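First up is the structure itself, then whatever we jot down about it.
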Amino acid sequence: MAATLKDATAIVGIGQTAFAKQLPQSEKELACRAILAALTDAGIEPSEVDAFASYTMEETDEVEVAKAIGAGDVTFFSKIGYGGGGSCATVGHLAAAVATGQATVGVAWRSRKRGSGPRPWKNTAVQLPTPGQWTRPFGLLRPADEIGMLARRYMHEYGATRDHLFNVAMACRNRANANPAAMMYERPLTREMYMTSRMISDPLCLFDNCLETDGALACVIVSAERARDCRHRPVYVHSVAQGLPAQHHGMVNYWNDDPLSGPAWTAARHLWKQADFRPQDVDVAQIYDAFTPLIPLSLEGYGFCGRGEGAAFTEGGALEMGGRLPLNTGGGGLSEAYVHGFNLINEGVKQLRGVSTSQVPDAATCLVTAGEGVPTSAILLRS
């Protein structure tokens, strides 16, 4: 029988800083604060940390972080590419390292000053990567422009409307309204506000786009055996997958036979193949929401509905508490904070611990996904 990572490791600690449009601390300080908070939450000393995983876009690195927190000898470290597509893969890499004996205590983190920092596409002195040479000269300057084009294609082919995108934005905002840590805490959204807000990249309006956030988050991964002795109920890493489809072209999928079948479909096939349960058994989902159209596309890719049915899935309060699939229960990237999706990982842990600010009763299974539209990753968590 082939070896798997199924339930071999668990997330035992989570930590985060405050979220705001502008924080005074450096990204390094924010990273260290989040990591130390996660270790305290787990009841594990920094000197026991021997593995790190983060994003290639992370400006802090394991050398400086390890010194600053007082880690011991480090025997595993990795970085995952593609921005938000790398979030869940950080947990997956550490799970593999711990399960195979390469490390014993792993820390994954993301620290970012997107609210007060620069936008990468504004640096015109840097030579465009190959995908950008086929998009930016033709007006697709930002991720919002690229996803806007995919959204318009989706609307044209399947009859999705702005009302469906509003359902997504509203579900996330409703959850943030109950979360004191969210940037949109106690800031309600109405349909009129949504429909009359300014366009960012048609058909995406202001509320279809994620927040601009400074902040950091981290989590701690250990073996399932050790997890039983930590401070909180273990949240097991049940299944892990990354996805890079054939002939992929970031965001716009120019070369794919079907631009609307993105990396989620590739990741999902492997994710469910390794799992003991199916989409209908998922109690709560944390689906990457840098832009509202990514939700219906991901619902289809991960098998919650059929092709072209993702928009209709959002109707009737399906994504709200008590609905078919409660979604992004901390507020997500749209309304809690946008830190390249890491807050979705921590929120999944909170749900399975039973301590979320929008708790799904008796939640025992959770899907967490990374960015759709780019090479991506996903994890299934269970209590």
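Numbering starts fresh at 1 for the residues of each chain in the structure tokens, the chains themselves are lettered A, B, ... in the order given, and ligands are numbered from 1 as they appear.
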
- [ ] Just the residues within 12 Å of Ser197 in chain A, please, counting only C-alpha atoms, with nothing from its chain fewer than 6 positions along; format it as a list in words.
- [x] Phe166, Leu189, Thr190, Arg191, Pro203, Leu204, Cys205, Leu206, Phe207, Asp208 and Asn209 of chain A

Taking only C-alpha atoms into account, produce a table as a tab-separated table in which each residue of range 195-226 of chain A with an atom at most 12 Å from an atom of range 341-346 of chain A appears once, together with its shortest atom pair and the distance in Å to one decimal, ordered by chain and rising number.
residue	atom	partner	partner_atom	distance
A:Cys210	CA	A:Gly341	CA	10.4
A:Leu211	CA	A:Gly341	CA	11.4
A:Thr213	CA	A:Gly341	CA	11.5
A:Gly215	CA	A:Asn343	CA	10.0
A:Ala216	CA	A:Phe342	CA	8.4
A:Leu217	CA	A:Phe342	CA	6.5
A:Ala218	CA	A:Phe342	CA	7.7
A:Cys219	CA	A:Asn346	CA	7.2
A:Val220	CA	A:Asn346	CA	10.3

For the selection you just gave me, I'd like the residues written to a file as a PDB file, in the first residue's frame, keeping N, CA and C atoms.
ATOM      1  N   CYS A 210     -10.252  41.866  -2.941  1.00  0.00           N
ATOM      2  CA  CYS A 210      -9.792  41.659  -1.581  1.00  0.00           C
ATOM      3  C   CYS A 210      -9.290  42.964  -0.963  1.00  0.00           C
ATOM      4  N   LEU A 211      -9.101  42.918   0.333  1.00  0.00           N
ATOM      5  CA  LEU A 211      -8.625  44.072   1.084  1.00  0.00           C
ATOM      6  C   LEU A 211      -7.134  44.300   0.864  1.00  0.00           C
ATOM      7  N   THR A 213      -3.978  44.864   3.055  1.00  0.00           N
ATOM      8  CA  THR A 213      -3.766  44.574   4.474  1.00  0.00           C
ATOM      9  C   THR A 213      -2.295  44.504   4.839  1.00  0.00           C
ATOM     10  N   GLY A 215      -0.160  42.696   7.925  1.00  0.00           N
ATOM     11  CA  GLY A 215      -0.378  41.719   8.983  1.00  0.00           C
ATOM     12  C   GLY A 215       0.395  40.449   8.726  1.00  0.00           C
ATOM     13  N   ALA A 216       0.366  39.541   9.685  1.00  0.00           N
ATOM     14  CA  ALA A 216       1.085  38.268   9.568  1.00  0.00           C
ATOM     15  C   ALA A 216       0.324  37.187  10.312  1.00  0.00           C
ATOM     16  N   LEU A 217       0.509  35.946   9.833  1.00  0.00           N
ATOM     17  CA  LEU A 217      -0.089  34.773  10.476  1.00  0.00           C
ATOM     18  C   LEU A 217       0.902  33.627  10.431  1.00  0.00           C
ATOM     19  N   ALA A 218       0.700  32.645  11.310  1.00  0.00           N
ATOM     20  CA  ALA A 218       1.576  31.477  11.340  1.00  0.00           C
ATOM     21  C   ALA A 218       0.824  30.303  11.932  1.00  0.00           C
ATOM     22  N   CYS A 219       1.315  29.093  11.645  1.00  0.00           N
ATOM     23  CA  CYS A 219       0.777  27.900  12.286  1.00  0.00           C
ATOM     24  C   CYS A 219       1.908  26.913  12.537  1.00  0.00           C
ATOM     25  N   VAL A 220       1.674  25.978  13.448  1.00  0.00           N
ATOM     26  CA  VAL A 220       2.678  25.011  13.890  1.00  0.00           C
ATOM     27  C   VAL A 220       2.177  23.605  13.582  1.00  0.00           C
TER      28      VAL A 220
END

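For the pair CA of Ile14 in chain A and CA of Ala95 in chain A, the interatomic distance is 15.2 Å.
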
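Restricting the calculation to only C-alpha atoms, the smallest distance between Asp229 in chain A and any of A:Ile35, A:Ile44, A:Ala66, A:Ala264 is found for A:Ile44.
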
Open item on the list: Give me the residues near range 231-242 of chain A as a ChimeraX atom specification, where near means some atom within 8 Å (using only C-alpha atoms) and where sequence neighbours in that chain fewer than 6 positions away do not count.
Closed with: /A:5-13,41-43,88-89,92,95,224,266-268,270-272,274-275,349,352-353,375-383

Pick out the residues sitting within 12 Å of Glu157 in chain A, and hand them over as a compact mmCIF listing (two decimals) with N, CA and C atoms, in the first residue's frame; count only C-alpha atoms, and ignore anything fewer than 3 positions along from it in its own chain.
# COMPACT_ATOMS: atom_id res chain seq x y z
N LEU A 150 -11.70 36.71 -16.99
CA LEU A 150 -12.24 35.37 -16.77
C LEU A 150 -13.68 35.43 -16.29
N ALA A 151 -13.98 36.38 -15.42
CA ALA A 151 -15.34 36.51 -14.89
C ALA A 151 -16.32 36.83 -16.02
N ARG A 152 -15.93 37.71 -16.91
CA ARG A 152 -16.82 38.04 -18.04
C ARG A 152 -17.04 36.83 -18.93
N ARG A 153 -16.01 36.05 -19.14
CA ARG A 153 -16.16 34.81 -19.92
C ARG A 153 -17.13 33.86 -19.22
N TYR A 154 -16.99 33.74 -17.91
CA TYR A 154 -17.86 32.86 -17.13
C TYR A 154 -19.31 33.33 -17.21
N ALA A 160 -24.02 33.63 -15.33
CA ALA A 160 -23.77 34.22 -14.01
C ALA A 160 -23.97 35.73 -14.08
N THR A 161 -24.37 36.32 -12.98
CA THR A 161 -24.63 37.75 -12.92
C THR A 161 -23.88 38.38 -11.75
N ASP A 258 -9.70 24.88 -22.12
CA ASP A 258 -10.82 25.48 -21.40
C ASP A 258 -10.30 26.44 -20.34
N PRO A 259 -10.31 27.74 -20.60
CA PRO A 259 -9.76 28.71 -19.63
C PRO A 259 -10.44 28.68 -18.27
N LEU A 260 -11.67 28.18 -18.20
CA LEU A 260 -12.41 28.18 -16.94
C LEU A 260 -12.18 26.92 -16.11
N ARG A 307 -20.16 21.57 -13.51
CA ARG A 307 -19.57 22.61 -14.34
C ARG A 307 -20.63 23.65 -14.73
N GLY A 308 -20.31 24.90 -14.50
CA GLY A 308 -21.22 25.98 -14.82
C GLY A 308 -22.28 26.24 -13.77
N GLU A 309 -22.26 25.48 -12.67
CA GLU A 309 -23.29 25.60 -11.63
C GLU A 309 -22.82 26.38 -10.40
N ALA A 311 -22.17 29.57 -9.88
CA ALA A 311 -22.90 30.80 -9.57
C ALA A 311 -24.24 30.49 -8.92

- [ ] Per DSSP on the backbone, filter range 148-301 of chain A down to the residues in strand (DSSP E) and report them as a ChimeraX atom specification.
- [x] /A:199-201,204-205,214-223,235-243,284-286

Produce a table with one row for each residue of range 130-219 of chain A that has an atom at most 8 Å from any atom of range 315-324 of chain A, each row naming the nearest atom pair and its distance in Å at one decimal; use only C-alpha atoms; arrange rows by chain and rising residue number; format as a tab-separated table.
residue	atom	partner	partner_atom	distance
A:His164	CA	A:Glu315	CA	7.1
A:Asn167	CA	A:Glu315	CA	7.0
A:Val168	CA	A:Leu319	CA	7.3
A:Ala171	CA	A:Glu320	CA	5.5

With a distance cut-off of 10 Å and only C-alpha atoms, select the neighbouring residues of Val360 in chain A, excluding the residue or stretch itself and same-chain residues fewer than 4 positions from it, and output the selection as a PDB file with N, CA and C atoms, in the first residue's frame.
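In the end it all went to out30.pdb:
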ATOM      1  N   ASP A 283     -17.981  20.079   6.221  1.00  0.00           N
ATOM      2  CA  ASP A 283     -18.865  20.861   7.085  1.00  0.00           C
ATOM      3  C   ASP A 283     -18.722  22.358   6.867  1.00  0.00           C
ATOM      4  N   VAL A 284     -17.516  22.810   6.547  1.00  0.00           N
ATOM      5  CA  VAL A 284     -17.255  24.237   6.386  1.00  0.00           C
ATOM      6  C   VAL A 284     -16.066  24.385   5.437  1.00  0.00           C
ATOM      7  N   MET A 321     -24.197  31.078   7.191  1.00  0.00           N
ATOM      8  CA  MET A 321     -24.342  30.157   8.305  1.00  0.00           C
ATOM      9  C   MET A 321     -25.670  29.421   8.178  1.00  0.00           C
ATOM     10  N   GLY A 322     -25.623  28.110   8.308  1.00  0.00           N
ATOM     11  CA  GLY A 322     -26.828  27.312   8.132  1.00  0.00           C
ATOM     12  C   GLY A 322     -27.101  26.923   6.703  1.00  0.00           C
ATOM     13  N   LEU A 325     -23.062  25.254   2.389  1.00  0.00           N
ATOM     14  CA  LEU A 325     -21.615  25.236   2.613  1.00  0.00           C
ATOM     15  C   LEU A 325     -21.186  26.565   3.227  1.00  0.00           C
ATOM     16  N   PRO A 326     -21.235  26.686   4.565  1.00  0.00           N
ATOM     17  CA  PRO A 326     -20.761  27.930   5.194  1.00  0.00           C
ATOM     18  C   PRO A 326     -19.329  28.228   4.755  1.00  0.00           C
ATOM     19  N   LEU A 327     -19.097  29.480   4.396  1.00  0.00           N
ATOM     20  CA  LEU A 327     -17.872  29.834   3.677  1.00  0.00           C
ATOM     21  C   LEU A 327     -17.108  30.945   4.384  1.00  0.00           C
ATOM     22  N   THR A 329     -15.482  31.762   7.160  1.00  0.00           N
ATOM     23  CA  THR A 329     -16.214  32.140   8.365  1.00  0.00           C
ATOM     24  C   THR A 329     -15.531  33.209   9.208  1.00  0.00           C
ATOM     25  N   GLN A 351     -12.324  26.677  13.371  1.00  0.00           N
ATOM     26  CA  GLN A 351     -13.604  25.976  13.212  1.00  0.00           C
ATOM     27  C   GLN A 351     -13.554  24.577  13.826  1.00  0.00           C
ATOM     28  N   LEU A 352     -12.474  23.856  13.567  1.00  0.00           N
ATOM     29  CA  LEU A 352     -12.395  22.482  14.054  1.00  0.00           C
ATOM     30  C   LEU A 352     -12.049  22.404  15.539  1.00  0.00           C
ATOM     31  N   GLY A 354     -13.644  24.570  17.403  1.00  0.00           N
ATOM     32  CA  GLY A 354     -14.913  25.034  17.942  1.00  0.00           C
ATOM     33  C   GLY A 354     -14.864  26.421  18.532  1.00  0.00           C
ATOM     34  N   VAL A 355     -13.941  27.288  18.057  1.00  0.00           N
ATOM     35  CA  VAL A 355     -13.765  28.597  18.673  1.00  0.00           C
ATOM     36  C   VAL A 355     -13.900  29.748  17.673  1.00  0.00           C
ATOM     37  N   SER A 356     -14.438  29.497  16.498  1.00  0.00           N
ATOM     38  CA  SER A 356     -14.598  30.563  15.509  1.00  0.00           C
ATOM     39  C   SER A 356     -15.631  31.582  15.982  1.00  0.00           C
ATOM     40  N   ALA A 364     -16.484  19.161  11.846  1.00  0.00           N
ATOM     41  CA  ALA A 364     -15.428  18.151  11.995  1.00  0.00           C
ATOM     42  C   ALA A 364     -14.550  18.026  10.765  1.00  0.00           C
TER      43      ALA A 364
END

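Checking A:Leu140, A:Ala71, A:Ile295, A:Ala337 one by one against Glu45 in chain A, counting only C-alpha atoms, you find the shortest gap at A:Ala71.
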
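Reported to one decimal place, the separation of CA of His249 in chain A from CA of Pro296 in chain A is 19.9 Å.
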
TODO: Could you give me, as a PyMOL selection string, each residue of range 155-280 of chain A that DSSP assigns to helix (DSSP H, G or I) when run on this structure's backbone?
DONE: chain A and resi 155-158+162-176+191-196+206-208+224-227+263-273+279-280

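Pairwise distance (CA of Phe138 in chain A, CA of Phe291 in chain A) equals 21.1 Å.
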
Open item on the list: Residues near Ser26 in chain A, anyone? I mean within 12 Å using only C-alpha atoms, not counting same-chain ones fewer than 3 positions away, as a PyMOL selection string.
Closed with: chain A and resi 17+22-23+29-33+59-60+111-114+116-117+214-216

TODO: For Gly132 in chain A, list every protein, DNA or RNA residue within 10 Å, evaluated using only C-alpha atoms, and leave out those in the same chain fewer than 4 positions away; present the list as a PyMOL selection string.
DONE: chain A and resi 121+127-128+136-138+140-142+249-250

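If only C-alpha atoms are the atoms counted, then among A:Val374, A:Leu334, A:Cys366, A:Ile287 the closest residue to Pro245 in chain A is A:Val374.
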
Sort by chain and increasing residue number a table of all residues of range 72-190 of chain A within 10 Å of range 47-56 of chain A, each with its closest pair of atoms and their distance in Å to one decimal, counting only C-alpha atoms, and write it as JSON lines.
{"residue": "A:Gly72", "atom": "CA", "partner": "A:Ser47", "partner_atom": "CA", "distance": 4.7}
{"residue": "A:Asp73", "atom": "CA", "partner": "A:Asp50", "partner_atom": "CA", "distance": 5.9}
{"residue": "A:Val74", "atom": "CA", "partner": "A:Asp50", "partner_atom": "CA", "distance": 4.0}
{"residue": "A:Thr75", "atom": "CA", "partner": "A:Asp50", "partner_atom": "CA", "distance": 5.6}
{"residue": "A:Phe76", "atom": "CA", "partner": "A:Ala51", "partner_atom": "CA", "distance": 4.7}
{"residue": "A:Phe77", "atom": "CA", "partner": "A:Phe52", "partner_atom": "CA", "distance": 4.7}
{"residue": "A:Ser78", "atom": "CA", "partner": "A:Ala53", "partner_atom": "CA", "distance": 4.9}
{"residue": "A:Lys79", "atom": "CA", "partner": "A:Tyr55", "partner_atom": "CA", "distance": 4.8}
{"residue": "A:Ile80", "atom": "CA", "partner": "A:Tyr55", "partner_atom": "CA", "distance": 4.6}
{"residue": "A:Gly81", "atom": "CA", "partner": "A:Thr56", "partner_atom": "CA", "distance": 5.0}
{"residue": "A:Tyr82", "atom": "CA", "partner": "A:Thr56", "partner_atom": "CA", "distance": 7.6}
{"residue": "A:Gly83", "atom": "CA", "partner": "A:Tyr55", "partner_atom": "CA", "distance": 6.8}
{"residue": "A:Gly84", "atom": "CA", "partner": "A:Tyr55", "partner_atom": "CA", "distance": 8.5}
{"residue": "A:Gly85", "atom": "CA", "partner": "A:Tyr55", "partner_atom": "CA", "distance": 9.2}
{"residue": "A:Gly86", "atom": "CA", "partner": "A:Tyr55", "partner_atom": "CA", "distance": 6.2}
{"residue": "A:Ser87", "atom": "CA", "partner": "A:Tyr55", "partner_atom": "CA", "distance": 7.4}
{"residue": "A:Cys88", "atom": "CA", "partner": "A:Ser54", "partner_atom": "CA", "distance": 9.9}
{"residue": "A:Ala89", "atom": "CA", "partner": "A:Ala53", "partner_atom": "CA", "distance": 8.7}
{"residue": "A:Thr90", "atom": "CA", "partner": "A:Ala53", "partner_atom": "CA", "distance": 5.2}
{"residue": "A:Val91", "atom": "CA", "partner": "A:Ala53", "partner_atom": "CA", "distance": 7.5}
{"residue": "A:Gly92", "atom": "CA", "partner": "A:Ala53", "partner_atom": "CA", "distance": 9.3}
{"residue": "A:His93", "atom": "CA", "partner": "A:Ala53", "partner_atom": "CA", "distance": 7.1}
{"residue": "A:Leu94", "atom": "CA", "partner": "A:Ala53", "partner_atom": "CA", "distance": 6.7}
{"residue": "A:Ala97", "atom": "CA", "partner": "A:Ala51", "partner_atom": "CA", "distance": 8.0}
{"residue": "A:Val98", "atom": "CA", "partner": "A:Ala51", "partner_atom": "CA", "distance": 8.5}
{"residue": "A:Gln102", "atom": "CA", "partner": "A:Ala51", "partner_atom": "CA", "distance": 8.4}
{"residue": "A:Ala103", "atom": "CA", "partner": "A:Asp50", "partner_atom": "CA", "distance": 5.9}
{"residue": "A:Thr104", "atom": "CA", "partner": "A:Asp50", "partner_atom": "CA", "distance": 6.5}
{"residue": "A:Val105", "atom": "CA", "partner": "A:Val49", "partner_atom": "CA", "distance": 4.9}
{"residue": "A:Gly106", "atom": "CA", "partner": "A:Ala51", "partner_atom": "CA", "distance": 4.4}
{"residue": "A:Val107", "atom": "CA", "partner": "A:Phe52", "partner_atom": "CA", "distance": 4.9}
{"residue": "A:Ala108", "atom": "CA", "partner": "A:Ala53", "partner_atom": "CA", "distance": 4.8}
{"residue": "A:Trp109", "atom": "CA", "partner": "A:Ser54", "partner_atom": "CA", "distance": 5.6}
{"residue": "A:Arg110", "atom": "CA", "partner": "A:Ser54", "partner_atom": "CA", "distance": 6.3}
{"residue": "A:Ser111", "atom": "CA", "partner": "A:Ser54", "partner_atom": "CA", "distance": 9.3}

Could you write out the selected residues, including N, CA, C and O atoms, as a compact mmCIF listing (two decimals), in the first residue's frame?
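For reference, result.txt as written:
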# COMPACT_ATOMS: atom_id res chain seq x y z
N GLY A 72 16.24 26.28 17.13
CA GLY A 72 17.44 25.45 17.20
C GLY A 72 17.96 25.15 15.81
O GLY A 72 17.75 25.94 14.88
N ASP A 73 18.67 24.02 15.66
CA ASP A 73 19.14 23.63 14.33
C ASP A 73 17.93 23.33 13.45
O ASP A 73 16.99 22.64 13.86
N VAL A 74 17.97 23.84 12.23
CA VAL A 74 16.86 23.66 11.29
C VAL A 74 17.25 22.61 10.26
O VAL A 74 18.32 22.69 9.65
N THR A 75 16.39 21.62 10.08
CA THR A 75 16.71 20.50 9.19
C THR A 75 15.83 20.45 7.94
O THR A 75 16.01 19.57 7.09
N PHE A 76 14.87 21.36 7.84
CA PHE A 76 14.02 21.41 6.64
C PHE A 76 13.54 22.84 6.45
O PHE A 76 13.14 23.50 7.41
N PHE A 77 13.58 23.31 5.20
CA PHE A 77 13.01 24.62 4.89
C PHE A 77 12.64 24.65 3.42
O PHE A 77 13.32 24.07 2.58
N SER A 78 11.53 25.31 3.11
CA SER A 78 11.07 25.39 1.72
C SER A 78 10.27 26.66 1.51
O SER A 78 9.77 27.25 2.47
N LYS A 79 10.17 27.05 0.25
CA LYS A 79 9.35 28.19 -0.15
C LYS A 79 8.53 27.78 -1.37
O LYS A 79 9.02 27.09 -2.25
N ILE A 80 7.27 28.22 -1.39
CA ILE A 80 6.36 27.84 -2.46
C ILE A 80 5.99 29.07 -3.27
O ILE A 80 5.75 30.14 -2.72
N GLY A 81 5.95 28.91 -4.57
CA GLY A 81 5.70 30.03 -5.46
C GLY A 81 4.23 30.33 -5.71
O GLY A 81 3.34 29.71 -5.16
N TYR A 82 4.05 31.35 -6.54
CA TYR A 82 2.74 31.72 -7.09
C TYR A 82 1.82 32.40 -6.09
O TYR A 82 0.61 32.20 -6.10
N GLY A 83 2.40 33.23 -5.25
CA GLY A 83 1.59 34.08 -4.38
C GLY A 83 0.59 33.30 -3.57
O GLY A 83 0.93 32.34 -2.88
N GLY A 84 -0.68 33.69 -3.70
CA GLY A 84 -1.72 33.05 -2.92
C GLY A 84 -1.89 31.57 -3.21
O GLY A 84 -2.49 30.84 -2.41
N GLY A 85 -1.38 31.09 -4.33
CA GLY A 85 -1.46 29.67 -4.63
C GLY A 85 -0.62 28.81 -3.71
O GLY A 85 -0.79 27.60 -3.66
N GLY A 86 0.29 29.43 -2.98
CA GLY A 86 1.21 28.68 -2.14
C GLY A 86 0.75 28.47 -0.71
O GLY A 86 1.40 27.73 0.04
N SER A 87 -0.36 29.07 -0.30
CA SER A 87 -0.71 29.07 1.13
C SER A 87 -0.81 27.67 1.72
O SER A 87 -0.11 27.31 2.66
N CYS A 88 -1.69 26.84 1.18
CA CYS A 88 -1.90 25.50 1.74
C CYS A 88 -0.68 24.61 1.53
O CYS A 88 -0.44 23.69 2.32
N ALA A 89 0.09 24.87 0.49
CA ALA A 89 1.28 24.06 0.23
C ALA A 89 2.31 24.22 1.33
O ALA A 89 3.11 23.29 1.58
N THR A 90 2.35 25.35 2.03
CA THR A 90 3.29 25.49 3.14
C THR A 90 2.99 24.45 4.22
O THR A 90 3.90 23.84 4.78
N VAL A 91 1.71 24.24 4.49
CA VAL A 91 1.32 23.21 5.46
C VAL A 91 1.64 21.83 4.90
O VAL A 91 2.15 20.95 5.61
N GLY A 92 1.38 21.63 3.61
CA GLY A 92 1.65 20.34 2.99
C GLY A 92 3.12 19.97 3.01
O GLY A 92 3.48 18.81 3.31
N HIS A 93 4.00 20.92 2.73
CA HIS A 93 5.43 20.64 2.75
C HIS A 93 5.90 20.27 4.15
O HIS A 93 6.70 19.33 4.33
N LEU A 94 5.41 20.99 5.14
CA LEU A 94 5.81 20.68 6.51
C LEU A 94 5.22 19.35 6.97
O LEU A 94 5.89 18.59 7.69
N ALA A 97 7.46 16.75 5.62
CA ALA A 97 8.75 16.73 6.32
C ALA A 97 8.63 16.05 7.68
O ALA A 97 9.46 15.23 8.06
N VAL A 98 7.59 16.39 8.41
CA VAL A 98 7.40 15.80 9.74
C VAL A 98 7.05 14.31 9.63
O VAL A 98 7.57 13.47 10.36
N GLN A 102 12.00 14.15 8.57
CA GLN A 102 12.97 15.20 8.26
C GLN A 102 12.96 16.32 9.29
O GLN A 102 13.91 17.10 9.38
N ALA A 103 11.88 16.41 10.05
CA ALA A 103 11.75 17.46 11.06
C ALA A 103 10.74 17.00 12.10
O ALA A 103 10.03 16.01 11.90
N THR A 104 10.67 17.75 13.20
CA THR A 104 9.72 17.41 14.27
C THR A 104 8.72 18.51 14.56
O THR A 104 7.57 18.24 14.89
N VAL A 105 9.14 19.77 14.45
CA VAL A 105 8.25 20.90 14.70
C VAL A 105 8.40 21.88 13.54
O VAL A 105 9.46 22.48 13.34
N GLY A 106 7.34 22.03 12.76
CA GLY A 106 7.38 22.91 11.60
C GLY A 106 6.55 24.16 11.81
O GLY A 106 5.49 24.11 12.44
N VAL A 107 7.04 25.27 11.26
CA VAL A 107 6.31 26.54 11.31
C VAL A 107 6.12 27.05 9.89
O VAL A 107 7.09 27.16 9.12
N ALA A 108 4.88 27.34 9.55
CA ALA A 108 4.56 28.01 8.29
C ALA A 108 4.08 29.41 8.61
O ALA A 108 3.41 29.62 9.63
N TRP A 109 4.41 30.36 7.75
CA TRP A 109 4.00 31.73 8.05
C TRP A 109 3.89 32.56 6.78
O TRP A 109 4.40 32.20 5.72
N ARG A 110 3.17 33.68 6.91
CA ARG A 110 3.13 34.70 5.87
C ARG A 110 3.04 36.04 6.54
O ARG A 110 2.17 36.28 7.39
N SER A 111 3.96 36.93 6.20
CA SER A 111 3.97 38.30 6.71
C SER A 111 3.95 39.24 5.52
O SER A 111 4.73 39.07 4.58

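Remark: for Met199 in chain A, the closest of the candidate residues A:Ala3, A:Ala363, A:Leu297, A:Ala144 is A:Ala144 (distances computed over only C-alpha atoms).
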